[in-house]
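Trainee: Below: one structure in structure tokens.
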Amino acid sequence: SLKHFSIPSSVTSIGDGIFQKCVSLTQVEIPSSITSIGKCSFSKCRSLSQISIPLSVKSIGKYAFNECISLQKIMIPPSITIIEDGTFHKCYELKLVLIPNGVTSIGNLAFSCCKKLEQIMIPYYVTNIGQCAFEFCSIKEITIPPFVNKIKKGTFGSCSSLTNISIPSSLISIGKEAFKYCSSITHFEIPPLVTIIKDGVFKNCKSLSSISIHSSVTSINCYAFSGCLSLPNIVI
């Protein structure tokens with residue numbers, strides 16, 4: 001079974017699914033001739049513990065490292081502007097991720113289920129954070145950049161260690177179940193431009209003891225605060 005592979009310098013791109021399900025693969029050497037990594041290219045390489053992506057890489061496809069359950073750290077090259085859907089989905093051992101300043105979009109499920117990921121810095125110019133992008137991570141604090149105007153469905157759902165959230169006042173929407181099961185959050189202030197508290201946004205946030213709701217809110221939807229056992233009262 002394939003354990004180590006060195007890609008020849010004559011190769012310029014890694015195709016879709018090229019190493020998918022190579023479960024014994026532990027190390028891949030990628031030359032600086034590579035400019036793109038295809039979708040699902042290393043998906044389910046369960047023994048892959050380290051990989052160095054050269055600065056020459058300008059695009060990484062969807063689910064490229066999905067279920068690389070042994071991968072512990074990753075440095076995304078500075079030429080990458082989009083982290084596609086599911087790129088690091090279910091990388092259970094991933095502890096360190098360096099996202100370059102040029103990234104403007106983080107896709108759906110991009111870091112979902114990275115259960116050992118405790119900290120991450122979202123670059124200043126990011127405008128989009130996808131659905132469930134950081135669901136089931138162990139991040140303790142997060143700062144949403146000023147150009148993000150929507151938090152999508154389930155983006156930070158089940159981040160049970162999350163205690164500190166910095167949200168820009170320009171935010172206009174918080175998606176369904178965005179912070180569900182964030183059991184360490186104690187306080188939250190709804191930004192003034194948000195008009196709807198959607199379904200299950202704070203469902204089972206068991207430590208939530210205070211919340212500030214602006215007069216701009218016109219609707220509080222189903223199960224928005226269901227299971228918030230520490231919330232004594234809400235002023236509407």
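Labeling convention for the structure tokens: chains A, B, ... as they appear, residues from 1 per chain, ligands from 1 in order of appearance.
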Using only C-alpha atoms, determine which residues lie at most 10 Å from region 138-140 of chain A, disregarding the query and same-chain residues fewer than 5 positions distant; provide the list as a PyMOL selection string.

Mentor: chain A and resi 95+113-120+156+158-165+184-185

Trainee: Leaving out region 19-21 of chain A and any residue of its chain fewer than 6 positions from it, which residues lie within 8 Å of it when counting only C-alpha atoms, given as number ranges by chain?

Mentor: A: 40-46

Trainee: Within 12 Å of region 47-50 of chain A, counting only C-alpha atoms, which residues show up once you throw out same-chain ones fewer than 3 positions away? Write them as a PyMOL selection string, please.

Mentor: chain A and resi 1-5+19-30+42-44+53+65-75+91-96

Trainee: Calculate how many Å separate CA of Ser219 (chain A) from CA of Thr155 (chain A), rounding to one decimal.

Mentor: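 Atom-to-atom, CA of Ser219 (chain A) and CA of Thr155 (chain A) are spaced 20.8 Å apart.
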
Trainee: List as a tab-separated table (two decimals) with all heavy atoms, in the first residue's frame the protein and nucleic acid residues near Val57 (chain A), meaning an atom at most 8 Å away when only C-alpha atoms are counted, but skip any in the same chain fewer than 4 places from it.

Mentor:
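Result file selection-v4.tsv:
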chain	number	residue	atom	x	y	z
A	32	SER	N	7.29	22.79	-6.13
A	32	SER	CA	6.87	24.18	-6.37
A	32	SER	C	6.32	24.41	-7.77
A	32	SER	O	5.88	25.51	-8.10
A	32	SER	CB	8.04	25.13	-6.12
A	32	SER	OG	9.14	24.80	-6.95
A	34	ILE	N	3.66	22.89	-8.75
A	34	ILE	CA	2.21	22.70	-8.60
A	34	ILE	C	1.52	24.05	-8.37
A	34	ILE	O	1.89	24.81	-7.48
A	34	ILE	CB	1.88	21.75	-7.44
A	34	ILE	CG1	2.48	20.36	-7.68
A	34	ILE	CG2	0.37	21.66	-7.21
A	34	ILE	CD1	1.85	19.61	-8.85
A	35	THR	N	0.49	24.32	-9.18
A	35	THR	CA	-0.27	25.56	-9.03
A	35	THR	C	-1.71	25.32	-8.55
A	35	THR	O	-2.37	26.25	-8.09
A	35	THR	CB	-0.33	26.34	-10.36
A	35	THR	OG1	-0.94	25.51	-11.36
A	35	THR	CG2	1.07	26.75	-10.81
A	36	SER	N	-2.20	24.08	-8.65
A	36	SER	CA	-3.57	23.80	-8.20
A	36	SER	C	-3.68	22.40	-7.62
A	36	SER	O	-3.01	21.46	-8.08
A	36	SER	CB	-4.56	23.97	-9.35
A	36	SER	OG	-4.34	22.99	-10.36
A	37	ILE	N	-4.52	22.29	-6.59
A	37	ILE	CA	-4.84	21.01	-5.96
A	37	ILE	C	-6.33	20.78	-6.17
A	37	ILE	O	-7.16	21.60	-5.75
A	37	ILE	CB	-4.49	21.03	-4.46
A	37	ILE	CG1	-2.97	21.20	-4.28
A	37	ILE	CG2	-4.96	19.75	-3.77
A	37	ILE	CD1	-2.53	21.38	-2.83
A	53	ILE	N	2.21	22.63	1.64
A	53	ILE	CA	1.68	23.15	0.38
A	53	ILE	C	2.58	24.29	-0.09
A	53	ILE	O	2.74	25.28	0.62
A	53	ILE	CB	0.23	23.64	0.55
A	53	ILE	CG1	-0.65	22.51	1.11
A	53	ILE	CG2	-0.33	24.15	-0.77
A	53	ILE	CD1	-2.06	22.94	1.45
A	77	PRO	N	-1.19	28.63	1.56
A	77	PRO	CA	-0.34	29.57	0.83
A	77	PRO	C	-0.98	30.95	0.66
A	77	PRO	O	-2.22	31.07	0.58
A	77	PRO	CB	-0.15	28.90	-0.54
A	77	PRO	CG	-0.45	27.47	-0.31
A	77	PRO	CD	-1.49	27.43	0.76
A	79	SER	N	-1.26	32.92	-1.77
A	79	SER	CA	-1.95	33.19	-3.03
A	79	SER	C	-3.40	32.69	-3.03
A	79	SER	O	-4.18	33.01	-3.93
A	79	SER	CB	-1.19	32.55	-4.20
A	79	SER	OG	-0.95	31.18	-3.94
A	80	ILE	N	-3.78	31.92	-2.02
A	80	ILE	CA	-5.15	31.41	-1.91
A	80	ILE	C	-6.08	32.53	-1.44
A	80	ILE	O	-5.81	33.19	-0.44
A	80	ILE	CB	-5.23	30.23	-0.92
A	80	ILE	CG1	-4.37	29.05	-1.39
A	80	ILE	CG2	-6.68	29.79	-0.70
A	80	ILE	CD1	-4.85	28.38	-2.65

Trainee: Listing only residues of region 72-181 of chain A within 7 Å of region 200-213 of chain A, what is the closest atom pair and its distance in Å (to one decimal) for each, using only C-alpha atoms, sorted by chain and residue number ascending, as CSV?

Mentor:
residue,atom,partner,partner_atom,distance
A:Gly175,CA,A:Val201,CA,7.0
A:Lys176,CA,A:Val201,CA,5.2
A:Glu177,CA,A:Val201,CA,3.9
A:Ala178,CA,A:Val201,CA,5.2
A:Phe179,CA,A:Phe202,CA,5.3
A:Lys180,CA,A:Lys203,CA,4.6
A:Tyr181,CA,A:Asn204,CA,4.9

Trainee: Atoms to include: all heavy atoms. Write the selected residues as a PDB file, in the first residue's frame.

Mentor:
ATOM      1  N   GLY A 175     -27.871  33.464  11.007  1.00  0.00           N
ATOM      2  CA  GLY A 175     -28.611  32.325  10.473  1.00  0.00           C
ATOM      3  C   GLY A 175     -29.142  31.362  11.520  1.00  0.00           C
ATOM      4  O   GLY A 175     -28.761  31.399  12.696  1.00  0.00           O
ATOM      5  N   LYS A 176     -30.002  30.481  11.078  1.00  0.00           N
ATOM      6  CA  LYS A 176     -30.582  29.460  11.950  1.00  0.00           C
ATOM      7  C   LYS A 176     -29.485  28.637  12.630  1.00  0.00           C
ATOM      8  O   LYS A 176     -28.502  28.268  11.999  1.00  0.00           O
ATOM      9  CB  LYS A 176     -31.472  28.515  11.139  1.00  0.00           C
ATOM     10  CG  LYS A 176     -32.721  29.146  10.567  1.00  0.00           C
ATOM     11  CD  LYS A 176     -33.520  28.128   9.765  1.00  0.00           C
ATOM     12  CE  LYS A 176     -34.786  28.741   9.180  1.00  0.00           C
ATOM     13  NZ  LYS A 176     -35.563  27.739   8.383  1.00  0.00           N
ATOM     14  N   GLU A 177     -29.653  28.405  13.905  1.00  0.00           N
ATOM     15  CA  GLU A 177     -28.780  27.521  14.685  1.00  0.00           C
ATOM     16  C   GLU A 177     -27.306  27.927  14.625  1.00  0.00           C
ATOM     17  O   GLU A 177     -26.410  27.105  14.823  1.00  0.00           O
ATOM     18  CB  GLU A 177     -28.945  26.065  14.207  1.00  0.00           C
ATOM     19  CG  GLU A 177     -30.392  25.575  14.337  1.00  0.00           C
ATOM     20  CD  GLU A 177     -30.601  24.164  13.821  1.00  0.00           C
ATOM     21  OE1 GLU A 177     -29.765  23.683  13.028  1.00  0.00           O
ATOM     22  OE2 GLU A 177     -31.609  23.544  14.197  1.00  0.00           O
ATOM     23  N   ALA A 178     -27.062  29.209  14.377  1.00  0.00           N
ATOM     24  CA  ALA A 178     -25.688  29.700  14.217  1.00  0.00           C
ATOM     25  C   ALA A 178     -24.814  29.431  15.426  1.00  0.00           C
ATOM     26  O   ALA A 178     -23.614  29.164  15.291  1.00  0.00           O
ATOM     27  CB  ALA A 178     -25.700  31.194  13.907  1.00  0.00           C
ATOM     28  N   PHE A 179     -25.423  29.498  16.629  1.00  0.00           N
ATOM     29  CA  PHE A 179     -24.654  29.290  17.870  1.00  0.00           C
ATOM     30  C   PHE A 179     -25.271  28.184  18.735  1.00  0.00           C
ATOM     31  O   PHE A 179     -25.039  28.148  19.938  1.00  0.00           O
ATOM     32  CB  PHE A 179     -24.579  30.600  18.662  1.00  0.00           C
ATOM     33  CG  PHE A 179     -23.832  31.694  17.951  1.00  0.00           C
ATOM     34  CD1 PHE A 179     -24.516  32.686  17.268  1.00  0.00           C
ATOM     35  CD2 PHE A 179     -22.448  31.731  17.959  1.00  0.00           C
ATOM     36  CE1 PHE A 179     -23.840  33.697  16.592  1.00  0.00           C
ATOM     37  CE2 PHE A 179     -21.758  32.732  17.294  1.00  0.00           C
ATOM     38  CZ  PHE A 179     -22.452  33.717  16.614  1.00  0.00           C
ATOM     39  N   LYS A 180     -26.026  27.294  18.134  1.00  0.00           N
ATOM     40  CA  LYS A 180     -26.651  26.216  18.921  1.00  0.00           C
ATOM     41  C   LYS A 180     -25.590  25.375  19.619  1.00  0.00           C
ATOM     42  O   LYS A 180     -24.496  25.151  19.104  1.00  0.00           O
ATOM     43  CB  LYS A 180     -27.520  25.327  18.029  1.00  0.00           C
ATOM     44  CG  LYS A 180     -26.725  24.479  17.049  1.00  0.00           C
ATOM     45  CD  LYS A 180     -27.617  23.503  16.295  1.00  0.00           C
ATOM     46  CE  LYS A 180     -26.786  22.623  15.363  1.00  0.00           C
ATOM     47  NZ  LYS A 180     -27.611  21.632  14.655  1.00  0.00           N
ATOM     48  N   TYR A 181     -25.900  24.952  20.831  1.00  0.00           N
ATOM     49  CA  TYR A 181     -25.017  24.111  21.647  1.00  0.00           C
ATOM     50  C   TYR A 181     -23.657  24.763  21.935  1.00  0.00           C
ATOM     51  O   TYR A 181     -22.687  24.046  22.221  1.00  0.00           O
ATOM     52  CB  TYR A 181     -24.810  22.736  20.991  1.00  0.00           C
ATOM     53  CG  TYR A 181     -26.049  21.865  21.035  1.00  0.00           C
ATOM     54  CD1 TYR A 181     -26.913  21.803  19.947  1.00  0.00           C
ATOM     55  CD2 TYR A 181     -26.367  21.108  22.178  1.00  0.00           C
ATOM     56  CE1 TYR A 181     -28.057  21.018  19.965  1.00  0.00           C
ATOM     57  CE2 TYR A 181     -27.501  20.315  22.205  1.00  0.00           C
ATOM     58  CZ  TYR A 181     -28.348  20.273  21.102  1.00  0.00           C
ATOM     59  OH  TYR A 181     -29.485  19.498  21.139  1.00  0.00           O
TER      60      TYR A 181
END

Trainee: What's around Gly130 (chain A) at 12 Å? Count only C-alpha atoms, leave out sequence neighbours fewer than 5 positions away in its own chain, and write the answer as a PDB file with N, CA, C and O atoms, in the first residue's frame.

Mentor:
ATOM      1  N   ILE A  82      -9.721  31.874  -1.662  1.00  0.00           N
ATOM      2  CA  ILE A  82     -10.966  31.204  -1.269  1.00  0.00           C
ATOM      3  C   ILE A  82     -10.654  29.856  -0.644  1.00  0.00           C
ATOM      4  O   ILE A  82      -9.936  29.038  -1.220  1.00  0.00           O
ATOM      5  N   ILE A  83     -11.172  29.639   0.559  1.00  0.00           N
ATOM      6  CA  ILE A  83     -11.124  28.307   1.163  1.00  0.00           C
ATOM      7  C   ILE A  83     -12.452  27.644   0.825  1.00  0.00           C
ATOM      8  O   ILE A  83     -13.511  28.066   1.298  1.00  0.00           O
ATOM      9  N   GLU A  84     -12.398  26.666  -0.029  1.00  0.00           N
ATOM     10  CA  GLU A  84     -13.612  26.080  -0.598  1.00  0.00           C
ATOM     11  C   GLU A  84     -14.384  25.222   0.410  1.00  0.00           C
ATOM     12  O   GLU A  84     -13.883  24.890   1.491  1.00  0.00           O
ATOM     13  N   ASP A  85     -15.591  24.832   0.019  1.00  0.00           N
ATOM     14  CA  ASP A  85     -16.451  24.004   0.855  1.00  0.00           C
ATOM     15  C   ASP A  85     -15.722  22.730   1.298  1.00  0.00           C
ATOM     16  O   ASP A  85     -15.110  22.029   0.480  1.00  0.00           O
ATOM     17  N   GLY A  86     -15.794  22.448   2.586  1.00  0.00           N
ATOM     18  CA  GLY A  86     -15.327  21.182   3.123  1.00  0.00           C
ATOM     19  C   GLY A  86     -13.845  20.895   2.994  1.00  0.00           C
ATOM     20  O   GLY A  86     -13.422  19.747   3.146  1.00  0.00           O
ATOM     21  N   THR A  87     -13.039  21.920   2.734  1.00  0.00           N
ATOM     22  CA  THR A  87     -11.611  21.693   2.482  1.00  0.00           C
ATOM     23  C   THR A  87     -10.941  20.889   3.591  1.00  0.00           C
ATOM     24  O   THR A  87     -10.167  19.971   3.329  1.00  0.00           O
ATOM     25  N   THR A 104     -10.702  35.855   1.177  1.00  0.00           N
ATOM     26  CA  THR A 104     -11.926  36.667   1.271  1.00  0.00           C
ATOM     27  C   THR A 104     -13.176  35.824   1.531  1.00  0.00           C
ATOM     28  O   THR A 104     -14.217  36.362   1.868  1.00  0.00           O
ATOM     29  N   SER A 105     -13.052  34.511   1.368  1.00  0.00           N
ATOM     30  CA  SER A 105     -14.226  33.652   1.555  1.00  0.00           C
ATOM     31  C   SER A 105     -13.833  32.318   2.168  1.00  0.00           C
ATOM     32  O   SER A 105     -12.841  31.700   1.773  1.00  0.00           O
ATOM     33  N   ILE A 106     -14.636  31.888   3.152  1.00  0.00           N
ATOM     34  CA  ILE A 106     -14.472  30.581   3.799  1.00  0.00           C
ATOM     35  C   ILE A 106     -15.755  29.799   3.546  1.00  0.00           C
ATOM     36  O   ILE A 106     -16.840  30.213   3.942  1.00  0.00           O
ATOM     37  N   GLY A 107     -15.658  28.684   2.865  1.00  0.00           N
ATOM     38  CA  GLY A 107     -16.830  27.957   2.395  1.00  0.00           C
ATOM     39  C   GLY A 107     -17.578  27.165   3.442  1.00  0.00           C
ATOM     40  O   GLY A 107     -17.148  27.037   4.605  1.00  0.00           O
ATOM     41  N   ASN A 108     -18.699  26.606   3.019  1.00  0.00           N
ATOM     42  CA  ASN A 108     -19.515  25.756   3.882  1.00  0.00           C
ATOM     43  C   ASN A 108     -18.684  24.564   4.379  1.00  0.00           C
ATOM     44  O   ASN A 108     -17.924  23.959   3.605  1.00  0.00           O
ATOM     45  N   LEU A 109     -18.804  24.248   5.647  1.00  0.00           N
ATOM     46  CA  LEU A 109     -18.154  23.076   6.259  1.00  0.00           C
ATOM     47  C   LEU A 109     -16.626  23.099   6.140  1.00  0.00           C
ATOM     48  O   LEU A 109     -15.975  22.069   6.325  1.00  0.00           O
ATOM     49  N   ALA A 110     -16.045  24.259   5.859  1.00  0.00           N
ATOM     50  CA  ALA A 110     -14.602  24.341   5.589  1.00  0.00           C
ATOM     51  C   ALA A 110     -13.747  23.724   6.693  1.00  0.00           C
ATOM     52  O   ALA A 110     -12.778  23.010   6.419  1.00  0.00           O
ATOM     53  N   PHE A 111     -14.105  24.006   7.955  1.00  0.00           N
ATOM     54  CA  PHE A 111     -13.360  23.476   9.097  1.00  0.00           C
ATOM     55  C   PHE A 111     -14.274  22.700  10.045  1.00  0.00           C
ATOM     56  O   PHE A 111     -13.931  22.487  11.208  1.00  0.00           O
ATOM     57  N   SER A 112     -15.411  22.303   9.557  1.00  0.00           N
ATOM     58  CA  SER A 112     -16.376  21.592  10.389  1.00  0.00           C
ATOM     59  C   SER A 112     -15.780  20.306  10.958  1.00  0.00           C
ATOM     60  O   SER A 112     -15.082  19.564  10.262  1.00  0.00           O
ATOM     61  N   GLU A 135     -18.427  24.506  12.682  1.00  0.00           N
ATOM     62  CA  GLU A 135     -19.252  23.651  13.537  1.00  0.00           C
ATOM     63  C   GLU A 135     -18.404  22.548  14.185  1.00  0.00           C
ATOM     64  O   GLU A 135     -17.536  21.954  13.545  1.00  0.00           O
ATOM     65  N   VAL A 148     -18.008  41.096   6.895  1.00  0.00           N
ATOM     66  CA  VAL A 148     -18.984  40.006   6.944  1.00  0.00           C
ATOM     67  C   VAL A 148     -20.306  40.590   7.443  1.00  0.00           C
ATOM     68  O   VAL A 148     -20.374  41.103   8.556  1.00  0.00           O
ATOM     69  N   ASN A 149     -21.359  40.519   6.613  1.00  0.00           N
ATOM     70  CA  ASN A 149     -22.642  41.070   7.054  1.00  0.00           C
ATOM     71  C   ASN A 149     -23.680  40.005   7.405  1.00  0.00           C
ATOM     72  O   ASN A 149     -24.780  40.317   7.846  1.00  0.00           O
ATOM     73  N   LYS A 150     -23.302  38.735   7.209  1.00  0.00           N
ATOM     74  CA  LYS A 150     -24.212  37.651   7.562  1.00  0.00           C
ATOM     75  C   LYS A 150     -23.439  36.494   8.201  1.00  0.00           C
ATOM     76  O   LYS A 150     -22.405  36.093   7.695  1.00  0.00           O
ATOM     77  N   ILE A 151     -23.968  35.992   9.308  1.00  0.00           N
ATOM     78  CA  ILE A 151     -23.477  34.737   9.870  1.00  0.00           C
ATOM     79  C   ILE A 151     -24.457  33.667   9.401  1.00  0.00           C
ATOM     80  O   ILE A 151     -25.661  33.777   9.637  1.00  0.00           O
ATOM     81  N   LYS A 152     -23.963  32.670   8.730  1.00  0.00           N
ATOM     82  CA  LYS A 152     -24.825  31.683   8.079  1.00  0.00           C
ATOM     83  C   LYS A 152     -25.335  30.616   9.053  1.00  0.00           C
ATOM     84  O   LYS A 152     -24.944  30.560  10.223  1.00  0.00           O
ATOM     85  N   LYS A 153     -26.172  29.757   8.539  1.00  0.00           N
ATOM     86  CA  LYS A 153     -26.766  28.678   9.322  1.00  0.00           C
ATOM     87  C   LYS A 153     -25.690  27.774   9.920  1.00  0.00           C
ATOM     88  O   LYS A 153     -24.812  27.281   9.214  1.00  0.00           O
ATOM     89  N   GLY A 154     -25.741  27.581  11.235  1.00  0.00           N
ATOM     90  CA  GLY A 154     -24.881  26.633  11.928  1.00  0.00           C
ATOM     91  C   GLY A 154     -23.399  26.934  11.907  1.00  0.00           C
ATOM     92  O   GLY A 154     -22.590  26.066  12.246  1.00  0.00           O
ATOM     93  N   THR A 155     -23.025  28.157  11.558  1.00  0.00           N
ATOM     94  CA  THR A 155     -21.607  28.485  11.374  1.00  0.00           C
ATOM     95  C   THR A 155     -20.740  28.110  12.572  1.00  0.00           C
ATOM     96  O   THR A 155     -19.662  27.548  12.420  1.00  0.00           O
ATOM     97  N   PHE A 156     -21.213  28.428  13.776  1.00  0.00           N
ATOM     98  CA  PHE A 156     -20.443  28.125  14.990  1.00  0.00           C
ATOM     99  C   PHE A 156     -21.189  27.140  15.890  1.00  0.00           C
ATOM    100  O   PHE A 156     -20.924  27.054  17.088  1.00  0.00           O
ATOM    101  N   ILE A 174     -28.206  36.804  11.342  1.00  0.00           N
ATOM    102  CA  ILE A 174     -27.616  35.649  12.014  1.00  0.00           C
ATOM    103  C   ILE A 174     -28.470  34.441  11.643  1.00  0.00           C
ATOM    104  O   ILE A 174     -29.668  34.406  11.913  1.00  0.00           O
ATOM    105  N   GLY A 175     -27.871  33.464  11.007  1.00  0.00           N
ATOM    106  CA  GLY A 175     -28.611  32.325  10.473  1.00  0.00           C
ATOM    107  C   GLY A 175     -29.142  31.362  11.520  1.00  0.00           C
ATOM    108  O   GLY A 175     -28.761  31.399  12.696  1.00  0.00           O
ATOM    109  N   ALA A 178     -27.062  29.209  14.377  1.00  0.00           N
ATOM    110  CA  ALA A 178     -25.688  29.700  14.217  1.00  0.00           C
ATOM    111  C   ALA A 178     -24.814  29.431  15.426  1.00  0.00           C
ATOM    112  O   ALA A 178     -23.614  29.164  15.291  1.00  0.00           O
TER     113      ALA A 178
END

Trainee: Using Å and a single decimal, report how far CA of Thr127 (chain A) sits from CA of Thr195 (chain A).

Mentor: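 Spanning CA of Thr195 (chain A) to CA of Thr127 (chain A) is a straight-line distance of 20.2 Å.
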
Trainee: One number please: CA of Tyr63 (chain A) to CA of Ile76 (chain A), in Å, one decimal.

Mentor: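 Result for CA of Tyr63 (chain A) versus CA of Ile76 (chain A): 14.4 Å, one decimal.
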